[in-house]
$ cat final.cif   # mmCIF, C-alpha atoms and all ligand atoms
data_final
loop_
_atom_site.label_atom_id
_atom_site.label_comp_id
_atom_site.auth_asym_id
_atom_site.auth_seq_id
_atom_site.Cartn_x
_atom_site.Cartn_y
_atom_site.Cartn_z
CA MET A 1 -7.25 7.97 35.12
CA ALA A 2 -3.65 6.88 34.77
CA ASP A 3 -1.26 9.42 33.35
CA VAL A 4 -0.45 8.06 29.92
CA THR A 5 1.33 11.09 28.48
CA SER A 6 4.57 10.40 26.64
CA THR A 7 3.94 6.66 26.53
CA TRP A 8 5.37 6.21 23.06
CA THR A 9 8.37 3.88 23.05
CA GLU A 10 10.38 3.50 19.90
CA PRO A 11 10.57 -0.18 18.88
CA SER A 12 14.11 -1.43 18.53
CA ASN A 13 15.40 -1.54 14.99
CA THR A 14 15.97 -4.69 13.04
CA PRO A 15 18.92 -4.94 10.61
CA LEU A 16 16.44 -4.21 7.80
CA SER A 17 14.99 -1.11 9.39
CA LEU A 18 16.43 1.55 7.11
CA LEU A 19 18.14 1.61 3.79
CA LEU A 20 21.03 3.96 3.36
CA LEU A 21 19.76 7.33 2.29
CA GLY A 22 20.60 9.15 -0.86
CA LYS A 23 21.63 7.53 -4.09
CA GLY A 24 21.63 3.84 -4.70
CA THR A 25 19.47 0.92 -5.62
CA ASP A 26 17.29 -1.48 -3.74
CA PRO A 27 18.38 -4.94 -4.84
CA ALA A 28 15.08 -6.38 -3.58
CA SER A 29 13.05 -4.24 -5.97
CA GLU A 30 12.80 -4.78 -9.68
CA ARG A 31 12.60 -1.01 -10.02
CA GLY A 32 15.86 -0.17 -8.30
CA VAL A 33 17.57 2.64 -10.19
CA ASP A 34 19.92 5.48 -9.45
CA CYS A 35 18.56 9.00 -9.28
CA PRO A 36 20.09 11.17 -12.00
CA GLY A 37 21.81 14.35 -10.85
CA ASP A 38 23.17 15.32 -7.46
CA LEU A 39 21.13 14.78 -4.34
CA PRO A 40 21.58 17.17 -1.45
CA ALA A 41 23.40 15.63 1.50
CA PRO A 42 21.06 14.32 4.22
CA SER A 43 23.11 16.37 6.69
CA ASP A 44 22.45 19.67 4.86
CA PRO A 45 20.93 21.92 7.58
CA ASP A 46 19.06 23.94 4.94
CA LEU A 47 16.95 21.09 3.56
CA VAL A 48 13.70 22.30 5.15
CA ALA A 49 14.31 25.87 3.97
CA ARG A 50 15.19 24.64 0.48
CA ALA A 51 12.04 22.51 0.19
CA THR A 52 9.92 25.41 1.50
CA ALA A 53 11.45 27.85 -0.98
CA ALA A 54 11.13 25.48 -3.96
CA LYS A 55 7.53 24.68 -3.16
CA ALA A 56 6.70 28.38 -2.77
CA ALA A 57 8.41 29.17 -6.09
CA LEU A 58 6.28 26.54 -7.85
CA GLY A 59 3.04 27.72 -6.19
CA ASP A 60 -0.14 26.16 -7.63
CA ARG A 61 1.84 24.49 -10.41
CA VAL A 62 2.77 21.71 -7.97
CA PHE A 63 0.63 19.52 -5.74
CA VAL A 64 2.40 17.28 -3.23
CA LEU A 65 0.75 14.05 -2.10
CA GLY A 66 1.94 12.20 1.01
CA HIS A 67 1.03 8.63 1.89
CA HIS A 68 0.35 7.93 5.57
CA TYR A 69 3.46 5.74 5.77
CA GLN A 70 5.86 8.50 4.69
CA ARG A 71 8.50 9.97 6.98
CA ASP A 72 7.65 13.04 9.11
CA GLU A 73 10.34 15.05 7.29
CA VAL A 74 8.46 14.50 4.03
CA ILE A 75 4.86 14.52 5.23
CA GLN A 76 5.28 18.10 6.51
CA PHE A 77 5.39 19.24 2.86
CA ALA A 78 2.33 17.27 1.71
CA ASP A 79 -0.68 19.29 0.54
CA VAL A 80 -2.80 16.27 1.36
CA THR A 81 -2.18 12.99 3.16
CA GLY A 82 -4.07 9.74 2.72
CA ASP A 83 -4.05 6.11 1.67
CA SER A 84 -3.28 5.11 -1.90
CA PHE A 85 -6.81 5.42 -3.22
CA LYS A 86 -7.58 8.73 -1.54
CA LEU A 87 -4.34 10.15 -2.92
CA ALA A 88 -5.16 9.00 -6.47
CA GLN A 89 -8.56 10.67 -6.15
CA GLN A 90 -6.94 13.83 -4.82
CA ALA A 91 -4.55 13.88 -7.76
CA ALA A 92 -7.51 13.57 -10.16
CA ALA A 93 -9.26 16.44 -8.34
CA ARG A 94 -6.39 18.85 -9.14
CA PRO A 95 -6.58 19.19 -12.94
CA ASP A 96 -4.84 22.58 -12.82
CA ALA A 97 -1.68 21.32 -11.13
CA GLU A 98 1.00 20.85 -13.75
CA PHE A 99 3.07 18.59 -11.49
CA ILE A 100 1.89 15.98 -8.99
CA VAL A 101 4.80 15.07 -6.71
CA PHE A 102 3.84 11.71 -5.26
CA CYS A 103 5.49 10.88 -1.94
CA GLY A 104 4.56 7.22 -1.87
CA VAL A 105 5.50 4.19 -3.95
CA HIS A 106 5.54 3.35 -7.65
CA PHE A 107 2.12 1.70 -8.05
CA MET A 108 0.48 4.71 -6.39
CA ALA A 109 2.13 7.12 -8.81
CA GLU A 110 0.96 4.90 -11.69
CA SER A 111 -2.64 5.08 -10.44
CA ALA A 112 -2.34 8.85 -10.18
CA ASP A 113 -1.07 8.99 -13.77
CA ILE A 114 -4.00 6.84 -14.92
CA LEU A 115 -6.53 9.11 -13.22
CA THR A 116 -5.03 12.52 -14.10
CA LYS A 117 -5.12 14.46 -17.37
CA PRO A 118 -2.57 13.59 -20.09
CA ASP A 119 -0.77 16.93 -19.76
CA GLN A 120 -0.21 16.54 -16.01
CA LYS A 121 3.09 15.01 -14.92
CA VAL A 122 3.28 12.63 -11.97
CA ILE A 123 6.71 12.60 -10.31
CA LEU A 124 8.09 9.99 -7.91
CA PRO A 125 11.03 11.59 -6.05
CA ASP A 126 12.93 8.25 -5.90
CA LEU A 127 12.28 5.71 -8.65
CA ALA A 128 13.51 2.94 -6.36
CA ALA A 129 10.44 3.42 -4.16
CA GLY A 130 8.65 0.29 -5.31
CA CYS A 131 6.39 -1.98 -3.27
CA SER A 132 7.53 -5.50 -2.50
CA MET A 133 3.94 -6.73 -2.54
CA ALA A 134 3.19 -5.23 -5.96
CA ASP A 135 6.47 -6.70 -7.23
CA MET A 136 5.26 -10.19 -6.23
CA ALA A 137 2.74 -10.26 -9.11
CA VAL A 138 4.43 -9.79 -12.47
CA LEU A 139 2.22 -9.68 -15.58
CA GLY A 140 3.91 -12.63 -17.32
CA GLN A 141 3.36 -14.85 -14.26
CA VAL A 142 -0.29 -13.82 -14.01
CA GLU A 143 -0.89 -14.48 -17.71
CA THR A 144 0.72 -17.91 -17.35
CA ALA A 145 -1.69 -18.70 -14.52
CA TRP A 146 -4.66 -17.46 -16.57
CA GLU A 147 -3.63 -19.64 -19.53
CA HIS A 148 -3.58 -22.62 -17.19
CA PHE A 149 -7.08 -21.72 -15.95
CA GLN A 150 -8.14 -21.53 -19.61
CA ASP A 151 -6.76 -25.04 -20.22
CA LEU A 152 -8.82 -26.24 -17.26
CA GLY A 153 -11.91 -24.55 -18.75
CA ILE A 154 -12.63 -22.47 -15.65
CA THR A 155 -11.99 -18.89 -16.76
CA ASP A 156 -15.70 -18.32 -17.51
CA GLN A 157 -16.38 -18.83 -13.80
CA ILE A 158 -13.51 -16.67 -12.53
CA VAL A 159 -13.60 -12.94 -11.78
CA PRO A 160 -10.12 -11.47 -11.28
CA VAL A 161 -9.82 -8.97 -8.43
CA THR A 162 -6.70 -6.99 -7.73
CA TYR A 163 -5.82 -4.97 -4.69
CA MET A 164 -4.95 -1.33 -5.35
CA ASN A 165 -1.39 -2.32 -4.33
CA SER A 166 -0.51 -3.77 -7.72
CA SER A 167 1.18 -2.51 -10.86
CA ALA A 168 -0.75 -0.82 -13.68
CA ASP A 169 -0.06 -3.94 -15.81
CA ILE A 170 -1.95 -6.10 -13.34
CA LYS A 171 -4.83 -3.63 -13.10
CA GLY A 172 -4.91 -3.68 -16.91
CA PHE A 173 -5.05 -7.50 -16.93
CA VAL A 174 -7.97 -7.36 -14.50
CA GLY A 175 -9.76 -4.71 -16.55
CA ARG A 176 -9.55 -6.67 -19.80
CA ASN A 177 -10.80 -9.81 -18.05
CA LYS A 178 -13.89 -8.08 -16.61
CA GLY A 179 -12.69 -7.82 -13.04
CA VAL A 180 -12.36 -5.10 -10.47
CA VAL A 181 -9.81 -3.26 -8.34
CA CYS A 182 -10.37 -3.13 -4.59
CA THR A 183 -8.91 -1.32 -1.60
CA SER A 184 -8.64 -2.54 1.97
CA SER A 185 -11.80 -0.48 2.70
CA ASN A 186 -14.02 -1.97 0.02
CA ALA A 187 -12.65 -5.51 -0.44
CA LYS A 188 -15.87 -7.11 0.83
CA ARG A 189 -18.03 -5.06 -1.53
CA ALA A 190 -15.71 -5.97 -4.41
CA LEU A 191 -15.94 -9.68 -3.55
CA ASP A 192 -19.74 -9.51 -3.12
CA TRP A 193 -19.99 -8.01 -6.61
CA SER A 194 -17.53 -10.53 -8.05
CA PHE A 195 -19.46 -13.51 -6.69
CA GLU A 196 -22.56 -12.14 -8.41
CA GLN A 197 -20.63 -12.24 -11.73
CA GLY A 198 -19.00 -15.66 -11.29
CA SER A 199 -18.46 -18.52 -8.87
CA LYS A 200 -14.72 -18.01 -8.25
CA VAL A 201 -12.37 -15.14 -7.57
CA PHE A 202 -8.71 -14.92 -8.59
CA PHE A 203 -7.35 -12.50 -5.97
CA LEU A 204 -4.11 -10.56 -6.60
CA PRO A 205 -1.54 -9.92 -5.18
CA ASP A 206 -2.20 -9.97 -1.39
CA GLN A 207 -3.19 -13.41 -0.14
CA HIS A 208 -3.91 -12.06 3.34
CA LEU A 209 -6.42 -9.39 2.34
CA GLY A 210 -8.18 -11.93 0.11
CA ARG A 211 -8.28 -14.66 2.74
CA ASN A 212 -9.21 -12.36 5.63
CA THR A 213 -12.06 -10.81 3.68
CA ALA A 214 -13.45 -14.10 2.37
CA VAL A 215 -13.21 -16.01 5.65
CA LEU A 216 -13.75 -13.37 8.33
CA GLU A 217 -16.22 -11.10 6.54
CA MET A 218 -18.03 -13.40 4.10
CA GLY A 219 -18.22 -16.68 5.98
CA PHE A 220 -16.07 -18.78 3.63
CA ASP A 221 -14.07 -21.72 5.00
CA LEU A 222 -10.31 -21.71 4.83
CA ASP A 223 -10.74 -24.81 2.66
CA ASP A 224 -12.54 -22.69 0.07
CA CYS A 225 -9.26 -20.85 -0.52
CA VAL A 226 -6.21 -22.17 -2.37
CA LEU A 227 -2.83 -20.50 -2.66
CA TYR A 228 -1.39 -20.12 -6.15
CA ASP A 229 2.41 -20.01 -6.01
CA PRO A 230 3.76 -18.48 -9.25
CA HIS A 231 7.14 -20.10 -8.67
CA LYS A 232 5.74 -23.62 -8.90
CA PRO A 233 4.36 -25.40 -11.99
CA HIS A 234 0.60 -24.77 -12.21
CA GLY A 235 0.88 -22.76 -9.01
CA GLY A 236 1.65 -25.92 -7.02
CA LEU A 237 -2.03 -26.91 -7.27
CA THR A 238 -3.83 -29.81 -8.90
CA GLY A 239 -6.53 -29.22 -11.48
CA GLU A 240 -9.06 -30.55 -8.99
CA GLN A 241 -7.97 -28.07 -6.31
CA LEU A 242 -8.33 -25.18 -8.75
CA THR A 243 -11.69 -26.45 -10.02
CA ASP A 244 -13.08 -26.83 -6.49
CA ALA A 245 -11.73 -23.57 -5.02
CA ARG A 246 -13.91 -20.49 -4.51
CA MET A 247 -10.95 -18.16 -3.85
CA ILE A 248 -7.69 -18.57 -5.77
CA LEU A 249 -5.24 -16.44 -3.79
CA TRP A 250 -2.00 -15.22 -5.33
CA ARG A 251 1.03 -15.92 -3.18
CA GLY A 252 1.90 -12.31 -2.37
CA HIS A 253 2.06 -10.41 0.88
CA CYS A 254 3.16 -7.14 2.43
CA SER A 255 6.63 -7.48 3.90
CA VAL A 256 5.74 -4.99 6.66
CA HIS A 257 2.32 -6.27 7.78
CA GLY A 258 3.40 -9.88 7.24
CA ARG A 259 5.90 -9.52 10.07
CA PHE A 260 3.31 -9.28 12.86
CA THR A 261 2.74 -12.65 14.49
CA LEU A 262 0.35 -14.29 16.90
CA ASP A 263 3.15 -14.07 19.47
CA SER A 264 3.16 -10.27 19.07
CA VAL A 265 -0.55 -10.24 19.98
CA ARG A 266 -0.10 -12.61 22.95
CA GLU A 267 2.91 -10.69 24.23
CA VAL A 268 1.20 -7.30 24.19
CA ARG A 269 -1.94 -8.68 25.84
CA GLU A 270 0.19 -10.05 28.69
CA ARG A 271 2.21 -6.86 28.98
CA VAL A 272 -0.70 -4.38 28.78
CA PRO A 273 -3.89 -5.71 30.37
CA GLY A 274 -7.02 -4.39 28.65
CA VAL A 275 -5.14 -3.35 25.50
CA ASN A 276 -7.12 -3.10 22.25
CA VAL A 277 -5.37 -4.80 19.36
CA LEU A 278 -6.02 -3.00 16.07
CA VAL A 279 -4.52 -4.35 12.85
CA HIS A 280 -4.55 -3.85 9.10
CA PRO A 281 -6.12 -6.62 6.94
CA GLU A 282 -2.77 -7.14 5.17
CA CYS A 283 -1.71 -8.94 8.37
CA ARG A 284 -1.67 -12.74 8.50
CA HIS A 285 -4.95 -14.54 9.09
CA ASP A 286 -4.13 -15.79 12.60
CA VAL A 287 -3.09 -12.27 13.65
CA VAL A 288 -6.27 -10.69 12.29
CA LYS A 289 -8.36 -13.40 13.96
CA ALA A 290 -6.70 -12.72 17.31
CA ALA A 291 -7.09 -8.92 17.03
CA ASP A 292 -10.00 -6.91 18.43
CA TYR A 293 -10.37 -4.63 15.43
CA VAL A 294 -9.28 -4.81 11.81
CA GLY A 295 -9.42 -2.14 9.15
CA SER A 296 -7.72 -0.01 6.54
CA THR A 297 -5.29 2.79 7.29
CA GLU A 298 -8.10 5.35 7.23
CA TYR A 299 -10.13 3.12 9.60
CA ILE A 300 -7.19 2.90 12.00
CA ILE A 301 -6.80 6.68 12.05
CA LYS A 302 -10.51 7.21 12.72
CA ALA A 303 -10.63 4.48 15.40
CA LEU A 304 -7.76 6.08 17.31
CA ASP A 305 -9.21 9.58 16.91
CA ALA A 306 -12.47 8.32 18.44
CA ALA A 307 -10.88 6.17 21.17
CA PRO A 308 -11.57 7.27 24.75
CA SER A 309 -8.89 9.09 26.65
CA GLY A 310 -6.80 6.69 28.74
CA SER A 311 -7.47 3.65 26.52
CA ALA A 312 -4.58 1.45 25.38
CA TRP A 313 -4.02 0.40 21.76
CA ALA A 314 -1.49 -1.91 20.12
CA VAL A 315 -1.50 -1.11 16.41
CA GLY A 316 -0.35 -3.45 13.65
CA THR A 317 0.53 -1.24 10.73
CA GLU A 318 3.49 0.78 9.43
CA LEU A 319 5.61 2.46 12.07
CA ASN A 320 5.73 6.05 10.75
CA LEU A 321 1.94 6.22 10.95
CA VAL A 322 1.70 4.59 14.38
CA ARG A 323 4.32 6.93 15.79
CA ARG A 324 2.52 10.02 14.41
CA LEU A 325 -0.80 8.79 15.84
CA ALA A 326 0.80 8.15 19.24
CA LEU A 327 2.29 11.64 19.32
CA ALA A 328 -1.01 13.19 18.17
CA HIS A 329 -2.92 11.48 21.01
CA PRO A 330 -0.79 11.81 24.16
CA ASP A 331 -3.88 11.10 26.30
CA LYS A 332 -4.10 7.57 24.86
CA GLN A 333 -1.57 4.79 25.19
CA ILE A 334 -0.79 3.96 21.56
CA MET A 335 1.97 1.48 20.89
CA PHE A 336 3.39 -0.54 18.05
CA LEU A 337 2.10 -4.12 18.02
CA ASP A 338 5.59 -5.62 17.78
CA ARG A 339 8.71 -4.58 19.66
CA THR A 340 11.05 -4.89 16.69
CA VAL A 341 9.16 -4.45 13.43
CA CYS A 342 10.73 -2.18 10.84
CA TYR A 343 9.42 0.60 8.61
CA CYS A 344 8.35 0.04 5.03
CA SER A 345 11.82 0.31 3.55
CA THR A 346 10.63 1.31 0.08
CA MET A 347 8.28 4.03 1.40
CA ASN A 348 11.24 5.32 3.39
CA ARG A 349 13.29 5.78 0.25
CA ILE A 350 11.45 9.07 -0.26
CA ASP A 351 13.42 11.21 2.13
CA LEU A 352 13.89 14.96 2.35
CA PRO A 353 16.96 15.03 0.04
CA HIS A 354 14.95 13.33 -2.72
CA LEU A 355 12.00 15.67 -2.23
CA VAL A 356 14.23 18.76 -2.29
CA TRP A 357 15.99 17.46 -5.38
CA ALA A 358 12.70 16.82 -7.22
CA LEU A 359 11.23 20.23 -6.32
CA GLU A 360 14.41 22.13 -7.21
CA GLU A 361 14.62 20.32 -10.55
CA LEU A 362 11.08 21.52 -11.31
CA VAL A 363 12.00 25.07 -10.35
CA ALA A 364 14.96 24.82 -12.74
CA GLY A 365 12.63 23.79 -15.59
CA ARG A 366 13.57 20.11 -15.63
CA VAL A 367 10.96 17.43 -14.94
CA PRO A 368 12.55 14.43 -13.19
CA ASN A 369 11.31 10.88 -12.55
CA VAL A 370 8.03 11.10 -14.48
CA ILE A 371 5.80 8.04 -14.08
CA THR A 372 3.91 7.26 -17.26
CA VAL A 373 1.53 4.40 -17.98
CA ASP A 374 1.07 3.60 -21.68
CA GLU A 375 -2.35 4.46 -23.11
CA LYS A 376 -3.57 0.88 -23.69
CA THR A 377 -2.65 -0.27 -20.18
CA ALA A 378 -4.07 2.93 -18.70
CA HIS A 379 -7.37 2.42 -20.54
CA GLU A 380 -7.72 -1.20 -19.36
CA ALA A 381 -6.71 -0.33 -15.81
CA ARG A 382 -9.23 2.52 -15.80
CA VAL A 383 -11.97 -0.02 -16.66
CA ALA A 384 -11.12 -1.98 -13.50
CA LEU A 385 -10.84 1.20 -11.40
CA ASP A 386 -14.17 2.52 -12.75
CA GLN A 387 -15.78 -0.81 -11.88
CA MET A 388 -14.56 -0.31 -8.34
CA LEU A 389 -16.03 3.20 -8.23
CA ALA A 390 -19.35 1.76 -9.50
CA LEU A 391 -19.53 -0.90 -6.78
CA PRO A 392 -22.92 -0.89 -5.04
S1 LIG A 401 3.65 -1.18 3.50
FE1 LIG A 401 3.60 -3.12 2.33
S2 LIG A 401 2.01 -2.85 0.76
FE2 LIG A 401 2.56 -0.79 1.57
S3 LIG A 401 4.15 -0.04 0.14
FE3 LIG A 401 5.22 -1.05 1.88
S4 LIG A 401 5.53 -3.18 1.15
FE4 LIG A 401 3.97 -2.26 -0.18
#

$ encode --input "final.cif" --output "structure tokens" --more "lines below"
Ligand code: SF4
Amino acid sequence: MADVTSTWTEPSNTPLSLLLLGKGTDPASERGVDCPGDLPAPSDPDLVARATAAKAALGDRVFVLGHHYQRDEVIQFADVTGDSFKLAQQAAARPDAEFIVFCGVHFMAESADILTKPDQKVILPDLAAGCSMADMAVLGQVETAWEHFQDLGITDQIVPVTYMNSSADIKGFVGRNKGVVCTSSNAKRALDWSFEQGSKVFFLPDQHLGRNTAVLEMGFDLDDCVLYDPHKPHGGLTGEQLTDARMILWRGHCSVHGRFTLDSVREVRERVPGVNVLVHPECRHDVVKAADYVGSTEYIIKALDAAPSGSAWAVGTELNLVRRLALAHPDKQIMFLDRTVCYCSTMNRIDLPHLVWALEELVAGRVPNVITVDEKTAHEARVALDQMLALP
């Protein structure tokens, strides 16, 4: 067997690879805000000791959740790691924790708030940690689309489905219109259920997950899918196109997974003979079609855990996770699918200074950056989340 130890090679950065740390706003996110108070300097050599001490002082009062895409410096303080749905479930399973510190992005903290008790506080260490995909579906735009579908007389046939990666407002819209939330693990089951309730699905906000599931897992044609662009009148579609479509896909995508291309797949296959290409279903349709395996973050982790020693894998998902998996499996050749793809810049906003700041504020008796979903929205979103949990 070839010696494949230490095969991890850091992809070269793109100009977008990292935002400046510390205070500031992300002009690309509608949620960009400054953190109140003073953040520790990123260069402070005591950051790890300070986070350890603050967490110990809080004890069982605090529960720290870490998404798989978080930085190593943050993930080391997570009580549990997982994808967005697993983390929301974990938050709900800790009713005695006064504070849930969510190291992830805004929509995940909203879901945790929806699923936890009213007296628990969910804290996002940097309020500018939004998700560009979730930001691509704004409630007013979605309601405008729905009104147009009502004018066409097709809403009775449509079941709205939203990916977990959406705001609480959008989950609420889906709940009050008898739809369902899905994750990248259960998207097919959610669509199977939806097509038992109606003849069309309005899929939000990730066009790629919707298209990949419908075409590659359910046997739909690409022609059964239309793309609704919220920036064009009537989505840029004719009434006939909307009436004929089985899948109405919202024009949203993940800015990280959307960067992998067919050329990335071709290039790695030429460079590494016998490589297995493993991608997330948020990748573009042609990339997923050209891959050997496709699945959620949890699927990717399990696939690499189970992979034989000496096998080679090119992985198309967020870089922090791929790097950790490569370092955890030095007997396997695990590489990033693209040579130059960047991190999720909004996930990366949660850095150690923000985590230390949030924990030390809690120790001092102040509760910073609380994420709260209003009761009506939370109730409607819970309907759509419960429908997901009840999927056969
Ligand atoms: S990886 Fe994509 S979907 Fe996930 S938080 Fe970042 S932008 Fe959003």

$ residues_around --input "final.cif" --residues "Thr372 (chain A)" --least-positions-apart "2" --cutoff "8 Å" --atoms "all atoms listed in the file" --output "NGL selection string"
:A and (110 or 113 or 122 or 370 or 374)

$ residues_near_ligand --input "final.cif" --ligand "ligand LIG 401 (chain A)" --cutoff "7 Å" --atoms "all atoms listed in the file" --output "PyMOL selection string"
chain A and resi 105+131-134+165+254-257+318+344-347

$ atom_distance --input "final.cif" --atom1 "CA of Tyr343 (chain A)" --atom2 "CA of Tyr69 (chain A)"
8.4 Å

$ closest_residue --input "final.cif" --among "A:Lys117, A:Lys302, A:Arg189, A:Lys232" --to "Ala93 (chain A)" --atoms "only C-alpha atoms"
A:Lys117

$ residues_around --input "final.cif" --residues "Asp60 (chain A)" --least-positions-apart "2" --cutoff "8 Å" --atoms "only C-alpha atoms" --output "PyMOL selection string"
chain A and resi 58+62-63+96-97

$ atom_distance --input "final.cif" --atom1 "CA of Asp135 (chain A)" --atom2 "CA of Ser166 (chain A)"
7.6 Å

$ atom_distance --input "final.cif" --atom1 "CA of Ala54 (chain A)" --atom2 "CA of Val373 (chain A)"
27.1 Å

$ residues_around --input "final.cif" --residues "Trp250 (chain A)" --least-positions-apart "6" --cutoff "7 Å" --atoms "all atoms listed in the file" --output "PDB file with C-alpha atoms, in the frame of the given file"
ATOM      1  CA  PHE A 203      -7.350 -12.500  -5.970  1.00  0.00           C
ATOM      2  CA  LEU A 204      -4.110 -10.560  -6.600  1.00  0.00           C
ATOM      3  CA  PRO A 205      -1.540  -9.920  -5.180  1.00  0.00           C
ATOM      4  CA  ASP A 206      -2.200  -9.970  -1.390  1.00  0.00           C
ATOM      5  CA  GLN A 207      -3.190 -13.410  -0.140  1.00  0.00           C
ATOM      6  CA  LEU A 227      -2.830 -20.500  -2.660  1.00  0.00           C
ATOM      7  CA  TYR A 228      -1.390 -20.120  -6.150  1.00  0.00           C
ATOM      8  CA  ASP A 229       2.410 -20.010  -6.010  1.00  0.00           C
TER       9      ASP A 229
END

$ residues_around --input "final.cif" --residues "Val48 (chain A)" --least-positions-apart "3" --cutoff "9 Å" --atoms "only C-alpha atoms" --output "PyMOL selection string"
chain A and resi 45+51-53+73+352+356

$ write_last_selection --input "final.cif" --atoms "C-alpha atoms" --output "JSON list (two decimals), in the coordinates of the input"
[["chain", "number", "residue", "atom", "x", "y", "z"],
["A", 45, "PRO", "CA", 20.93, 21.92, 7.58],
["A", 51, "ALA", "CA", 12.04, 22.51, 0.19],
["A", 52, "THR", "CA", 9.92, 25.41, 1.50],
["A", 53, "ALA", "CA", 11.45, 27.85, -0.98],
["A", 73, "GLU", "CA", 10.34, 15.05, 7.29],
["A", 352, "LEU", "CA", 13.89, 14.96, 2.35],
["A", 356, "VAL", "CA", 14.23, 18.76, -2.29]]

$ residues_near_point --input "final.cif" --point "(4.4, -10.2, 22.4)" --cutoff "12 Å" --atoms "all atoms listed in the file" --output "ChimeraX atom specification"
/A:260-272,277,287,314,336-341

$ residues_around --input "final.cif" --residues "region 147-156 of chain A" --least-positions-apart "3" --cutoff "7 Å" --atoms "only C-alpha atoms" --output "list in words"
Glu143, Thr144, His234, Gly239 and Thr243 of chain A

$ residues_near_point --input "final.cif" --point "(-4.3, 0.9, -14.7)" --cutoff "10 Å" --atoms "all atoms listed in the file" --output "PyMOL selection string"
chain A and resi 107+110-115+164+166-175+181+373-385

$ closest_residue --input "final.cif" --among "A:Ala137, A:Leu237, A:Ala109, A:Met388" --to "Leu191 (chain A)" --atoms "all atoms listed in the file"
A:Met388

$ closest_residue --input "final.cif" --among "A:Trp193, A:Phe77, A:Trp146, A:Tyr163" --to "Asn177 (chain A)" --atoms "only C-alpha atoms"
A:Trp146

$ closest_residue --input "final.cif" --among "A:Ile123, A:Ala88, A:Leu222, A:Leu321" --to "His68 (chain A)" --atoms "all atoms listed in the file"
A:Leu321

$ closest_residue --input "final.cif" --among "A:Asp305, A:Glu10, A:Asp126, A:Asp223" --to "Ala328 (chain A)" --atoms "all atoms listed in the file"
A:Asp305

$ closest_residue --input "final.cif" --among "A:Val159, A:Lys200, A:Lys289, A:Leu278" --to "Asn212 (chain A)" --atoms "all atoms listed in the file"
A:Lys289

$ decode --input "final.cif" --residues "region 85-104 of chain A" --atoms "C-alpha atoms" --output "PDB file, in the first residue's frame"
ATOM      1  CA  PHE A  85     -30.631  19.741  12.212  1.00  0.00           C
ATOM      2  CA  LYS A  86     -28.675  17.576  14.626  1.00  0.00           C
ATOM      3  CA  LEU A  87     -27.579  20.690  16.495  1.00  0.00           C
ATOM      4  CA  ALA A  88     -31.157  21.987  16.768  1.00  0.00           C
ATOM      5  CA  GLN A  89     -32.193  18.599  18.163  1.00  0.00           C
ATOM      6  CA  GLN A  90     -29.285  18.654  20.595  1.00  0.00           C
ATOM      7  CA  ALA A  91     -30.298  22.113  21.786  1.00  0.00           C
ATOM      8  CA  ALA A  92     -33.853  20.848  22.383  1.00  0.00           C
ATOM      9  CA  ALA A  93     -32.461  17.876  24.328  1.00  0.00           C
ATOM     10  CA  ARG A  94     -30.786  20.183  26.889  1.00  0.00           C
ATOM     11  CA  PRO A  95     -33.759  21.823  28.639  1.00  0.00           C
ATOM     12  CA  ASP A  96     -31.664  22.521  31.754  1.00  0.00           C
ATOM     13  CA  ALA A  97     -29.047  24.629  29.968  1.00  0.00           C
ATOM     14  CA  GLU A  98     -29.814  28.282  30.553  1.00  0.00           C
ATOM     15  CA  PHE A  99     -27.660  29.395  27.621  1.00  0.00           C
ATOM     16  CA  ILE A 100     -27.160  27.714  24.251  1.00  0.00           C
ATOM     17  CA  VAL A 101     -24.104  29.247  22.565  1.00  0.00           C
ATOM     18  CA  PHE A 102     -24.544  28.427  18.896  1.00  0.00           C
ATOM     19  CA  CYS A 103     -21.323  28.367  16.882  1.00  0.00           C
ATOM     20  CA  GLY A 104     -22.922  28.308  13.463  1.00  0.00           C
TER      21      GLY A 104
END
